[in-house]
$ cat coords29.pdb   # PDB, C-alpha atoms
ATOM      1  CA  MET A   1      -9.794   3.085  94.245
ATOM      2  CA  ASN A   2     -13.166   2.563  95.854
ATOM      3  CA  ARG A   3     -13.107  -0.636  97.919
ATOM      4  CA  PHE A   4     -16.422  -1.903  96.530
ATOM      5  CA  ILE A   5     -15.208  -1.474  92.944
ATOM      6  CA  GLU A   6     -11.918  -3.169  93.832
ATOM      7  CA  VAL A   7     -13.632  -6.258  95.277
ATOM      8  CA  PHE A   8     -16.113  -6.369  92.388
ATOM      9  CA  LEU A   9     -13.286  -6.334  89.830
ATOM     10  CA  CYS A  10     -11.475  -9.092  91.735
ATOM     11  CA  LEU A  11     -14.565 -11.307  91.783
ATOM     12  CA  CYS A  12     -15.051 -10.779  88.038
ATOM     13  CA  ALA A  13     -11.402 -11.641  87.400
ATOM     14  CA  LEU A  14     -11.681 -14.779  89.543
ATOM     15  CA  ILE A  15     -14.670 -15.995  87.544
ATOM     16  CA  VAL A  16     -13.262 -15.146  84.111
ATOM     17  CA  ALA A  17      -9.680 -16.324  84.632
ATOM     18  CA  LEU A  18     -10.273 -19.403  86.804
ATOM     19  CA  PRO A  19     -10.317 -21.936  83.904
ATOM     20  CA  LEU A  20      -7.059 -20.521  82.517
ATOM     21  CA  PHE A  21      -5.480 -20.568  85.973
ATOM     22  CA  LEU A  22      -6.457 -24.218  86.464
ATOM     23  CA  LEU A  23      -4.755 -25.080  83.163
ATOM     24  CA  ALA A  24      -1.676 -23.123  84.277
ATOM     25  CA  ALA A  25      -1.681 -24.970  87.602
ATOM     26  CA  LEU A  26      -1.847 -28.321  85.809
ATOM     27  CA  ALA A  27       1.018 -27.304  83.517
ATOM     28  CA  THR A  28       3.040 -26.246  86.556
ATOM     29  CA  PHE A  29       2.441 -29.616  88.200
ATOM     30  CA  LEU A  30       3.539 -31.458  85.053
ATOM     31  CA  THR A  31       6.700 -29.377  84.549
ATOM     32  CA  LEU A  32       7.820 -28.549  88.113
ATOM     33  CA  GLY A  33       5.946 -31.060  90.251
ATOM     34  CA  GLN A  34       4.809 -30.235  93.762
ATOM     35  CA  PRO A  35       4.254 -27.867  95.441
ATOM     36  CA  ILE A  36       2.273 -25.967  92.852
ATOM     37  CA  LEU A  37       2.056 -22.823  94.963
ATOM     38  CA  PHE A  38       4.838 -20.601  96.313
ATOM     39  CA  ARG A  39       4.257 -19.010  99.732
ATOM     40  CA  GLN A  40       6.298 -16.316 101.437
ATOM     41  CA  ILE A  41       5.838 -13.728 104.189
ATOM     42  CA  ARG A  42       5.630 -10.197 102.793
ATOM     43  CA  ALA A  43       5.161  -6.739 104.304
ATOM     44  CA  GLY A  44       1.684  -5.244 104.159
ATOM     45  CA  LYS A  45       0.358  -1.809 105.056
ATOM     46  CA  GLY A  46       2.039  -0.267 108.080
ATOM     47  CA  SER A  47       3.813  -2.845 110.208
ATOM     48  CA  SER A  48       1.540  -5.730 109.233
ATOM     49  CA  VAL A  49       2.692  -8.872 107.436
ATOM     50  CA  PHE A  50       0.795 -11.452 105.414
ATOM     51  CA  ARG A  51       1.460 -14.624 103.474
ATOM     52  CA  LEU A  52       1.862 -14.019  99.751
ATOM     53  CA  VAL A  53       0.733 -16.892  97.516
ATOM     54  CA  LYS A  54       1.788 -17.304  93.880
ATOM     55  CA  LEU A  55       1.828 -20.046  91.295
ATOM     56  CA  ARG A  56       5.328 -21.523  91.388
ATOM     57  CA  THR A  57       7.489 -20.517  88.432
ATOM     58  CA  MET A  58      10.954 -21.724  89.498
ATOM     59  CA  SER A  59      12.534 -25.095  90.177
ATOM     60  CA  ASP A  60      14.590 -25.951  93.258
ATOM     61  CA  ALA A  61      17.756 -26.619  91.214
ATOM     62  CA  ARG A  62      20.942 -26.379  93.302
ATOM     63  CA  ASP A  63      24.660 -26.324  92.704
ATOM     64  CA  ALA A  64      27.168 -28.959  93.875
ATOM     65  CA  GLY A  65      27.294 -27.293  97.287
ATOM     66  CA  GLY A  66      23.541 -27.567  97.787
ATOM     67  CA  ASN A  67      22.886 -23.849  97.258
ATOM     68  CA  LEU A  68      19.973 -22.681  95.143
ATOM     69  CA  LEU A  69      20.985 -21.519  91.688
ATOM     70  CA  PRO A  70      20.298 -17.855  90.711
ATOM     71  CA  ASP A  71      16.674 -17.069  89.905
ATOM     72  CA  ASP A  72      17.306 -16.630  86.176
ATOM     73  CA  ARG A  73      18.670 -20.181  86.016
ATOM     74  CA  ARG A  74      15.763 -21.701  87.932
ATOM     75  CA  VAL A  75      12.799 -20.050  86.239
ATOM     76  CA  SER A  76      11.105 -22.415  83.806
ATOM     77  CA  THR A  77      10.033 -21.610  80.258
ATOM     78  CA  LEU A  78       6.455 -21.971  81.453
ATOM     79  CA  GLY A  79       7.274 -19.710  84.385
ATOM     80  CA  ILE A  80       8.487 -16.937  82.063
ATOM     81  CA  TRP A  81       5.187 -17.067  80.195
ATOM     82  CA  LEU A  82       3.125 -17.182  83.422
ATOM     83  CA  ARG A  83       4.953 -14.139  84.775
ATOM     84  CA  ARG A  84       4.452 -12.142  81.606
ATOM     85  CA  MET A  85       0.725 -12.918  81.550
ATOM     86  CA  ARG A  86       0.529 -12.352  85.339
ATOM     87  CA  LEU A  87      -1.171 -15.727  85.799
ATOM     88  CA  ASP A  88       1.236 -16.626  88.598
ATOM     89  CA  GLU A  89      -0.300 -13.747  90.595
ATOM     90  CA  PHE A  90      -3.859 -15.107  90.327
ATOM     91  CA  PRO A  91      -4.076 -16.377  93.979
ATOM     92  CA  GLN A  92      -3.387 -12.830  95.180
ATOM     93  CA  LEU A  93      -6.887 -11.828  94.123
ATOM     94  CA  LEU A  94      -7.999 -13.575  97.320
ATOM     95  CA  SER A  95      -5.511 -11.459  99.301
ATOM     96  CA  ILE A  96      -7.118  -8.357  97.813
ATOM     97  CA  ILE A  97     -10.602  -9.522  98.797
ATOM     98  CA  ARG A  98      -9.318 -10.186 102.354
ATOM     99  CA  GLY A  99      -7.860  -6.677 102.476
ATOM    100  CA  ASP A 100      -4.178  -7.639 102.711
ATOM    101  CA  MET A 101      -3.472  -6.229  99.247
ATOM    102  CA  ALA A 102      -4.929  -3.765  96.745
ATOM    103  CA  LEU A 103      -5.411  -4.076  93.009
ATOM    104  CA  VAL A 104      -2.921  -1.245  92.493
ATOM    105  CA  GLY A 105      -0.011  -0.271  94.710
ATOM    106  CA  PRO A 106       3.677  -0.961  95.305
ATOM    107  CA  ARG A 107       4.433  -4.662  94.943
ATOM    108  CA  PRO A 108       4.706  -6.500  98.298
ATOM    109  CA  LEU A 109       8.297  -7.070  99.399
ATOM    110  CA  LYS A 110       9.921  -8.985 102.249
ATOM    111  CA  PRO A 111       9.801  -7.183 105.628
ATOM    112  CA  GLU A 112      13.610  -7.132 105.809
ATOM    113  CA  THR A 113      13.785  -5.458 102.391
ATOM    114  CA  ILE A 114      11.353  -2.749 103.500
ATOM    115  CA  ALA A 115      13.428  -2.216 106.658
ATOM    116  CA  GLN A 116      16.515  -1.567 104.526
ATOM    117  CA  PHE A 117      14.727   1.348 102.841
ATOM    118  CA  GLY A 118      14.510   3.195 106.171
ATOM    119  CA  ARG A 119      12.259   6.252 106.072
ATOM    120  CA  ASP A 120      11.368   5.583 102.427
ATOM    121  CA  GLY A 121      10.298   2.075 103.436
ATOM    122  CA  GLU A 122       7.867   3.545 105.968
ATOM    123  CA  ARG A 123       6.413   5.834 103.318
ATOM    124  CA  ARG A 124       6.175   2.956 100.858
ATOM    125  CA  GLY A 125       4.304   0.925 103.465
ATOM    126  CA  SER A 126       1.729   3.635 104.111
ATOM    127  CA  VAL A 127      -0.583   2.002 101.531
ATOM    128  CA  ARG A 128      -1.582  -1.576 100.844
ATOM    129  CA  PRO A 129       0.747  -3.404  98.445
ATOM    130  CA  GLY A 130      -0.731  -4.029  95.023
ATOM    131  CA  LEU A 131      -1.201  -6.748  92.453
ATOM    132  CA  THR A 132       0.255  -4.312  89.927
ATOM    133  CA  GLY A 133       1.751  -0.865  90.238
ATOM    134  CA  TRP A 134       3.346   2.180  88.635
ATOM    135  CA  ALA A 135       6.784   0.557  88.585
ATOM    136  CA  GLN A 136       5.383  -2.612  86.990
ATOM    137  CA  VAL A 137       3.959  -0.692  84.005
ATOM    138  CA  SER A 138       7.026   1.553  83.692
ATOM    139  CA  GLY A 139       9.703  -1.062  83.109
ATOM    140  CA  ASN A 140       9.546  -3.549  86.001
ATOM    141  CA  THR A 141      12.354  -6.070  85.370
ATOM    142  CA  ALA A 142      14.221  -3.471  83.276
ATOM    143  CA  LEU A 143      14.467  -1.231  86.360
ATOM    144  CA  SER A 144      16.807  -1.259  89.328
ATOM    145  CA  ASN A 145      15.423  -1.611  92.864
ATOM    146  CA  GLU A 146      16.215   2.072  93.481
ATOM    147  CA  GLU A 147      14.288   3.113  90.377
ATOM    148  CA  LYS A 148      11.303   1.001  91.399
ATOM    149  CA  LEU A 149      11.363   2.618  94.832
ATOM    150  CA  ARG A 150      11.339   6.121  93.325
ATOM    151  CA  LEU A 151       8.370   5.207  91.122
ATOM    152  CA  ASP A 152       6.524   3.659  94.082
ATOM    153  CA  LEU A 153       6.988   6.802  96.189
ATOM    154  CA  TRP A 154       5.837   8.995  93.289
ATOM    155  CA  TYR A 155       2.724   6.843  92.922
ATOM    156  CA  ILE A 156       1.876   7.092  96.631
ATOM    157  CA  ALA A 157       2.103  10.885  96.480
ATOM    158  CA  HIS A 158      -0.025  11.134  93.322
ATOM    159  CA  ARG A 159      -2.392   8.177  93.544
ATOM    160  CA  SER A 160      -5.994   8.552  92.459
ATOM    161  CA  ALA A 161      -8.788   6.407  91.066
ATOM    162  CA  ALA A 162      -7.975   7.670  87.562
ATOM    163  CA  LEU A 163      -4.290   6.735  87.933
ATOM    164  CA  ASP A 164      -5.238   3.303  89.278
ATOM    165  CA  LEU A 165      -7.463   2.660  86.259
ATOM    166  CA  GLN A 166      -4.666   3.785  83.940
ATOM    167  CA  ILE A 167      -2.279   1.338  85.601
ATOM    168  CA  LEU A 168      -4.786  -1.514  85.267
ATOM    169  CA  PHE A 169      -5.214  -0.831  81.546
ATOM    170  CA  GLU A 170      -1.466  -0.553  81.038
ATOM    171  CA  THR A 171      -0.958  -3.843  82.883
ATOM    172  CA  VAL A 172      -2.959  -5.566  80.160
ATOM    173  CA  GLY A 173      -0.733  -3.907  77.575
ATOM    174  CA  VAL A 174       2.414  -5.089  79.356
ATOM    175  CA  ALA A 175       1.075  -8.651  79.427
ATOM    176  CA  LEU A 176       0.416  -8.517  75.672
ATOM    177  CA  PHE A 177       3.405  -6.525  74.422
ATOM    178  CA  GLY A 178       6.077  -6.925  77.087
ATOM    179  CA  GLU A 179       7.847  -4.571  79.472
ATOM    180  CA  HIS A 180       9.448  -1.315  78.310
ATOM    181  CA  ARG A 181      11.497   1.074  80.388
ATOM    182  CA  ASN A 182       9.772   4.471  80.603
ATOM    183  CA  ALA A 183      12.528   7.074  80.929
ATOM    184  CA  GLY A 184      10.050   9.963  81.154
ATOM    185  CA  ARG A 185       8.377   8.530  84.239
ATOM    186  CA  LEU A 186      11.735   7.841  85.872
ATOM    187  CA  ASP A 187      12.811  11.440  85.288
ATOM    188  CA  ALA A 188       9.516  12.724  86.715
ATOM    189  CA  ALA A 189       9.850  10.510  89.799
ATOM    190  CA  SER A 190      13.452  11.599  90.359
ATOM    191  CA  SER A 191      12.618  15.296  89.965
ATOM    192  CA  TRP A 192       9.656  14.995  92.327
ATOM    193  CA  GLN A 193      11.748  13.157  94.918
ATOM    194  CA  ASP A 194      14.439  15.842  94.822
ATOM    195  CA  VAL A 195      11.795  18.522  95.461
ATOM    196  CA  ASP A 196      10.112  16.430  98.162
ATOM    197  CA  ASN A 197      13.403  15.790  99.956
ATOM    198  CA  GLY A 198      14.130  19.509  99.848
ATOM    199  CA  LEU A 199      10.773  20.308 101.434
ATOM    200  CA  GLU A 200      11.294  17.653 104.117
ATOM    201  CA  ASN A 201      14.755  18.994 104.950
ATOM    202  CA  ASN A 202      13.302  22.495 105.273
ATOM    203  CA  ARG A 203      10.656  21.208 107.678
ATOM    204  CA  VAL A 204      13.323  19.499 109.777
ATOM    205  CA  SER A 205      15.463  22.654 109.842
ATOM    206  CA  ALA A 206      12.499  24.756 110.881
TER     207      ALA A 206
END
$ encode --input "coords29.pdb" --output "C-alpha coordinates"
Amino acid sequence: MNRFIEVFLCLCALIVALPLFLLAALATFLTLGQPILFRQIRAGKGSSVFRLVKLRTMSDARDAGGNLLPDDRRVSTLGIWLRRMRLDEFPQLLSIIRGDMALVGPRPLKPETIAQFGRDGERRGSVRPGLTGWAQVSGNTALSNEEKLRLDLWYIAHRSAALDLQILFETVGVALFGEHRNAGRLDAASSWQDVDNGLENNRVSA
(Lines of atoms letter the chains of each structure in order from A and count residues from 1; the text may use other names and numbers.)
(Lines give C-alpha, C1' and ligand atoms only; values in the text may rest on other atoms or scores of the structure.)
Protein backbone atom coordinates (compact mmCIF):
# COMPACT_ATOMS: atom_id res chain seq x y z
CA MET A 1 0.00 0.00 0.00
CA ASN A 2 1.18 3.49 -0.82
CA ARG A 3 2.82 5.03 2.25
CA PHE A 4 0.95 8.33 1.92
CA ILE A 5 -2.41 6.54 1.78
CA GLU A 6 -1.40 4.38 4.75
CA VAL A 7 -0.54 7.39 6.94
CA PHE A 8 -3.66 9.26 5.80
CA LEU A 9 -5.89 6.32 6.77
CA CYS A 10 -4.16 6.07 10.16
CA LEU A 11 -4.71 9.77 10.88
CA CYS A 12 -8.39 9.45 9.94
CA ALA A 13 -8.75 6.41 12.19
CA LEU A 14 -7.05 8.24 15.07
CA ILE A 15 -9.48 11.14 14.79
CA VAL A 16 -12.62 9.03 14.36
CA ALA A 17 -11.88 6.34 16.96
CA LEU A 18 -10.18 8.44 19.66
CA PRO A 19 -13.36 9.08 21.73
CA LEU A 20 -14.22 5.36 21.71
CA PHE A 21 -10.65 4.46 22.65
CA LEU A 22 -10.72 6.89 25.59
CA LEU A 23 -13.91 5.22 26.85
CA ALA A 24 -12.25 1.81 26.43
CA ALA A 25 -9.20 3.04 28.34
CA LEU A 26 -11.40 4.29 31.18
CA ALA A 27 -13.24 0.95 31.29
CA THR A 28 -9.91 -0.86 31.39
CA PHE A 29 -8.76 1.28 34.31
CA LEU A 30 -11.98 0.58 36.22
CA THR A 31 -11.90 -3.19 35.61
CA LEU A 32 -8.16 -4.02 35.58
CA GLY A 33 -6.56 -1.00 37.22
CA GLN A 34 -3.11 0.20 36.25
CA PRO A 35 -1.21 -0.01 33.99
CA ILE A 36 -3.74 0.63 31.26
CA LEU A 37 -1.28 -0.13 28.47
CA PHE A 38 0.61 -3.35 27.71
CA ARG A 39 4.12 -2.97 26.27
CA GLN A 40 6.35 -5.65 24.80
CA ILE A 41 9.34 -5.89 22.45
CA ARG A 42 8.38 -7.33 19.07
CA ALA A 43 10.25 -8.08 15.84
CA GLY A 44 9.93 -5.57 13.03
CA LYS A 45 11.11 -5.62 9.43
CA GLY A 46 14.46 -7.33 8.94
CA SER A 47 16.42 -7.58 12.17
CA SER A 48 14.87 -4.50 13.77
CA VAL A 49 12.82 -4.53 16.97
CA PHE A 50 10.31 -2.07 18.37
CA ARG A 51 8.07 -1.67 21.39
CA LEU A 52 4.51 -2.82 20.75
CA VAL A 53 1.83 -0.96 22.72
CA LYS A 54 -1.70 -2.28 23.28
CA LEU A 55 -4.58 -1.58 25.60
CA ARG A 56 -4.32 -4.13 28.40
CA THR A 57 -6.88 -6.92 28.18
CA MET A 58 -5.63 -9.41 30.80
CA SER A 59 -5.21 -9.37 34.56
CA ASP A 60 -2.07 -10.44 36.41
CA ALA A 61 -3.84 -13.32 38.19
CA ARG A 62 -1.42 -16.00 39.44
CA ASP A 63 -1.62 -19.46 40.90
CA ALA A 64 -0.53 -20.49 44.42
CA GLY A 65 3.05 -20.79 43.20
CA GLY A 66 3.13 -17.21 41.92
CA ASN A 67 3.00 -18.20 38.24
CA LEU A 68 0.76 -16.35 35.82
CA LEU A 69 -2.41 -18.23 34.94
CA PRO A 70 -2.99 -19.23 31.27
CA ASP A 71 -4.06 -16.39 28.99
CA ASP A 72 -7.62 -17.68 28.59
CA ARG A 73 -8.08 -17.50 32.37
CA ARG A 74 -6.67 -13.99 32.67
CA VAL A 75 -8.44 -12.22 29.82
CA SER A 76 -11.31 -10.09 31.08
CA THR A 77 -14.83 -9.96 29.66
CA LEU A 78 -14.06 -6.41 28.58
CA GLY A 79 -10.80 -7.64 27.08
CA ILE A 80 -12.62 -10.19 24.91
CA TRP A 81 -14.82 -7.43 23.52
CA LEU A 82 -11.87 -5.05 22.99
CA ARG A 83 -9.96 -7.74 21.09
CA ARG A 84 -12.90 -8.55 18.85
CA MET A 85 -13.43 -4.88 17.99
CA ARG A 86 -9.64 -4.38 17.66
CA LEU A 87 -9.78 -1.41 20.05
CA ASP A 88 -6.88 -2.82 22.06
CA GLU A 89 -4.71 -2.31 18.95
CA PHE A 90 -5.51 1.42 18.69
CA PRO A 91 -2.09 2.66 20.00
CA GLN A 92 -0.39 0.78 17.16
CA LEU A 93 -1.67 3.38 14.72
CA LEU A 94 1.15 5.55 16.06
CA SER A 95 3.63 2.74 15.32
CA ILE A 96 2.38 2.72 11.74
CA ILE A 97 2.84 6.48 11.41
CA ARG A 98 6.41 6.11 12.80
CA GLY A 99 7.11 3.39 10.23
CA ASP A 100 7.60 0.49 12.66
CA MET A 101 4.43 -1.22 11.43
CA ALA A 102 2.12 -1.27 8.41
CA LEU A 103 -1.66 -1.25 8.23
CA VAL A 104 -1.56 -4.71 6.66
CA GLY A 105 1.05 -7.41 7.15
CA PRO A 106 1.93 -10.38 9.35
CA ARG A 107 1.19 -9.62 13.00
CA PRO A 108 4.30 -8.64 15.01
CA LEU A 109 5.69 -11.49 17.10
CA LYS A 110 8.43 -11.77 19.72
CA PRO A 111 11.98 -11.90 18.27
CA GLU A 112 12.55 -15.33 19.83
CA THR A 113 9.41 -16.66 18.14
CA ILE A 114 10.59 -15.40 14.75
CA ALA A 115 13.98 -17.03 15.35
CA GLN A 116 12.28 -20.39 15.90
CA PHE A 117 10.79 -20.20 12.40
CA GLY A 118 14.29 -20.27 10.87
CA ARG A 119 14.34 -19.48 7.15
CA ASP A 120 10.56 -18.94 7.13
CA GLY A 121 11.01 -16.41 9.93
CA GLU A 122 13.45 -14.44 7.77
CA ARG A 123 10.96 -14.43 4.90
CA ARG A 124 8.15 -13.41 7.24
CA GLY A 125 10.28 -10.52 8.48
CA SER A 126 10.99 -9.20 5.00
CA VAL A 127 8.00 -6.83 5.33
CA ARG A 128 6.78 -4.58 8.11
CA PRO A 129 4.43 -6.29 10.57
CA GLY A 130 0.82 -5.20 10.28
CA LEU A 131 -2.10 -4.05 12.37
CA THR A 132 -4.14 -6.71 10.59
CA GLY A 133 -3.26 -9.41 8.11
CA TRP A 134 -4.30 -12.32 5.90
CA ALA A 135 -4.19 -14.77 8.80
CA GLN A 136 -6.30 -12.46 10.98
CA VAL A 137 -9.16 -12.38 8.43
CA SER A 138 -8.87 -16.10 7.65
CA GLY A 139 -9.50 -17.55 11.10
CA ASN A 140 -6.97 -15.98 13.49
CA THR A 141 -7.61 -17.59 16.90
CA ALA A 142 -9.17 -20.63 15.18
CA LEU A 143 -5.82 -21.31 13.47
CA SER A 144 -2.65 -22.99 14.67
CA ASN A 145 0.65 -21.08 14.67
CA GLU A 146 1.80 -23.19 11.70
CA GLU A 147 -1.34 -22.32 9.74
CA LYS A 148 -0.90 -18.63 10.48
CA LEU A 149 2.70 -18.84 9.28
CA ARG A 150 1.64 -20.45 5.99
CA LEU A 151 -0.95 -17.72 5.43
CA ASP A 152 1.59 -14.99 6.27
CA LEU A 153 4.11 -16.38 3.76
CA TRP A 154 1.40 -16.64 1.09
CA TYR A 155 0.45 -13.02 1.72
CA ILE A 156 4.05 -11.81 1.40
CA ALA A 157 4.40 -13.57 -1.95
CA HIS A 158 1.09 -12.21 -3.29
CA ARG A 159 0.70 -8.84 -1.58
CA SER A 160 -0.69 -5.90 -3.50
CA ALA A 161 -2.62 -2.71 -2.82
CA ALA A 162 -5.84 -4.46 -3.87
CA LEU A 163 -5.21 -7.36 -1.46
CA ASP A 164 -4.41 -4.92 1.35
CA LEU A 165 -7.69 -3.09 0.79
CA GLN A 166 -9.56 -6.41 0.78
CA ILE A 167 -7.97 -7.34 4.11
CA LEU A 168 -8.92 -3.97 5.62
CA PHE A 169 -12.55 -4.40 4.56
CA GLU A 170 -12.63 -7.97 5.84
CA THR A 171 -11.16 -6.83 9.16
CA VAL A 172 -14.27 -4.72 9.70
CA GLY A 173 -16.39 -7.78 8.94
CA VAL A 174 -14.45 -9.88 11.45
CA ALA A 175 -14.96 -7.22 14.12
CA LEU A 176 -18.72 -7.23 13.46
CA PHE A 177 -19.40 -10.91 12.81
CA GLY A 178 -16.54 -12.78 14.48
CA GLU A 179 -13.71 -14.98 13.25
CA HIS A 180 -14.29 -17.91 10.88
CA ARG A 181 -11.73 -20.43 9.72
CA ASN A 182 -11.28 -20.21 5.94
CA ALA A 183 -10.35 -23.70 4.75
CA GLY A 184 -10.02 -22.60 1.11
CA ARG A 185 -7.33 -20.06 1.93
CA LEU A 186 -5.46 -22.58 4.07
CA ASP A 187 -5.48 -25.09 1.22
CA ALA A 188 -4.25 -22.43 -1.22
CA ALA A 189 -1.44 -21.39 1.14
CA SER A 190 -0.39 -25.00 1.70
CA SER A 191 -0.40 -25.80 -2.03
CA TRP A 192 1.59 -22.66 -2.83
CA GLN A 193 4.13 -23.43 -0.11
CA ASP A 194 4.65 -26.96 -1.42
CA VAL A 195 5.34 -25.56 -4.91
CA ASP A 196 7.57 -22.80 -3.52
CA ASN A 197 9.60 -25.26 -1.45
CA GLY A 198 10.03 -27.43 -4.52
CA LEU A 199 11.35 -24.49 -6.53
CA GLU A 200 13.72 -23.50 -3.72
CA ASN A 201 15.07 -27.05 -3.44
CA ASN A 202 15.67 -27.10 -7.19
CA ARG A 203 17.61 -23.84 -6.96
CA VAL A 204 19.74 -25.26 -4.15
CA SER A 205 20.42 -28.46 -6.11
CA ALA A 206 21.40 -26.48 -9.18
$ closest_atom_pairs --input "coords29.pdb" --of "range 67-99 of chain A" --to "range 123-128 of chain A" --cutoff "12 Å" --atoms "all atoms listed in the file" --output "JSON lines"
{"residue": "A:Ser95", "atom": "CA", "partner": "A:Arg128", "partner_atom": "CA", "distance": 10.7}
{"residue": "A:Ile96", "atom": "CA", "partner": "A:Arg128", "partner_atom": "CA", "distance": 9.3}
{"residue": "A:Arg98", "atom": "CA", "partner": "A:Arg128", "partner_atom": "CA", "distance": 11.7}
{"residue": "A:Gly99", "atom": "CA", "partner": "A:Arg128", "partner_atom": "CA", "distance": 8.3}
$ atom_distance --input "coords29.pdb" --atom1 "CA of Phe169 in chain A" --atom2 "CA of Pro129 in chain A"
18.1 Å
$ closest_residue --input "coords29.pdb" --among "A:Asp120, A:Ala102, A:Leu151, A:Ala27" --to "Ser76 in chain A" --atoms "all atoms listed in the file"
A:Ala27
$ atom_distance --input "coords29.pdb" --atom1 "CA of Val7 in chain A" --atom2 "CA of Phe90 in chain A"
14.1 Å
$ resolve_selection --input "coords29.pdb" --expression "the PyMOL selection byres ((chain A and resi 35) around 12)" --output "mmCIF file with C-alpha atoms, in the frame of the given file"
data_model
loop_
_atom_site.group_PDB
_atom_site.id
_atom_site.type_symbol
_atom_site.label_atom_id
_atom_site.label_comp_id
_atom_site.auth_asym_id
_atom_site.auth_seq_id
_atom_site.Cartn_x
_atom_site.Cartn_y
_atom_site.Cartn_z
ATOM 1 C CA ALA A 25 -1.681 -24.970 87.602
ATOM 2 C CA LEU A 26 -1.847 -28.321 85.809
ATOM 3 C CA THR A 28 3.040 -26.246 86.556
ATOM 4 C CA PHE A 29 2.441 -29.616 88.200
ATOM 5 C CA LEU A 30 3.539 -31.458 85.053
ATOM 6 C CA THR A 31 6.700 -29.377 84.549
ATOM 7 C CA LEU A 32 7.820 -28.549 88.113
ATOM 8 C CA GLY A 33 5.946 -31.060 90.251
ATOM 9 C CA GLN A 34 4.809 -30.235 93.762
ATOM 10 C CA ILE A 36 2.273 -25.967 92.852
ATOM 11 C CA LEU A 37 2.056 -22.823 94.963
ATOM 12 C CA PHE A 38 4.838 -20.601 96.313
ATOM 13 C CA ARG A 39 4.257 -19.010 99.732
ATOM 14 C CA VAL A 53 0.733 -16.892 97.516
ATOM 15 C CA LYS A 54 1.788 -17.304 93.880
ATOM 16 C CA LEU A 55 1.828 -20.046 91.295
ATOM 17 C CA ARG A 56 5.328 -21.523 91.388
ATOM 18 C CA THR A 57 7.489 -20.517 88.432
ATOM 19 C CA MET A 58 10.954 -21.724 89.498
ATOM 20 C CA SER A 59 12.534 -25.095 90.177
ATOM 21 C CA ASP A 60 14.590 -25.951 93.258
#
$ closest_residue --input "coords29.pdb" --among "A:His180, A:Arg73, A:Arg119, A:Arg107" --to "Lys148 in chain A" --atoms "all atoms listed in the file"
A:Arg107
$ closest_residue --input "coords29.pdb" --among "A:Gly178, A:Ala188, A:Phe117, A:Ile97" --to "Ile5 in chain A" --atoms "only C-alpha atoms"
A:Ile97
$ residues_around --input "coords29.pdb" --residues "Ala17 in chain A" --least-positions-apart "5" --cutoff "9 Å" --atoms "all atoms listed in the file" --output "list in words"
Cys12, Leu22, Leu87 and Phe90 of chain A
$ write_last_selection --input "coords29.pdb" --atoms "C-alpha atoms" --output "short mmCIF file (atom, residue, chain, number, x, y, z; two decimals), in the frame of the given file"
data_model
loop_
_atom_site.label_atom_id
_atom_site.label_comp_id
_atom_site.auth_asym_id
_atom_site.auth_seq_id
_atom_site.Cartn_x
_atom_site.Cartn_y
_atom_site.Cartn_z
CA CYS A 12 -15.05 -10.78 88.04
CA LEU A 22 -6.46 -24.22 86.46
CA LEU A 87 -1.17 -15.73 85.80
CA PHE A 90 -3.86 -15.11 90.33
#
$ atom_distance --input "coords29.pdb" --atom1 "CA of Val137 in chain A" --atom2 "CA of Leu168 in chain A"
8.9 Å
$ resolve_selection --input "coords29.pdb" --expression "the PyMOL selection byres ((chain A and resi 41) around 6)" --output "list in words"
Gln40, Arg42, Phe50, Arg51 and Leu52 of chain A
$ closest_residue --input "coords29.pdb" --among "A:Leu153, A:Gln166, A:Val174, A:Ala135" --to "Asp194 in chain A" --atoms "all atoms listed in the file"
A:Leu153
$ closest_residue --input "coords29.pdb" --among "A:Arg84, A:Leu165, A:Trp192, A:Ser48" --to "Asn2 in chain A" --atoms "all atoms listed in the file"
A:Leu165
$ closest_residue --input "coords29.pdb" --among "A:Ala64, A:Leu131, A:Ala24, A:Ile114" --to "Asp100 in chain A" --atoms "all atoms listed in the file"
A:Leu131
$ resolve_selection --input "coords29.pdb" --expression "the PyMOL selection byres ((chain A and resi 132) around 7)" --output "list in words"
Leu103, Val104, Gly105, Arg107, Gly130, Leu131, Gly133 and Gln136 of chain A
$ residues_around --input "coords29.pdb" --residues "Met85 in chain A" --least-positions-apart "4" --cutoff "10 Å" --atoms "all atoms listed in the file" --output "list of chain:residue names"
A:Gly79, A:Ile80, A:Trp81, A:Glu89, A:Thr171, A:Val172, A:Gly173, A:Val174, A:Ala175, A:Leu176, A:Phe177, A:Gly178
$ residues_around --input "coords29.pdb" --residues "Ser191 in chain A" --least-positions-apart "6" --cutoff "10 Å" --atoms "only C-alpha atoms" --output "VMD selection string"
chain A and resid 150 154 185
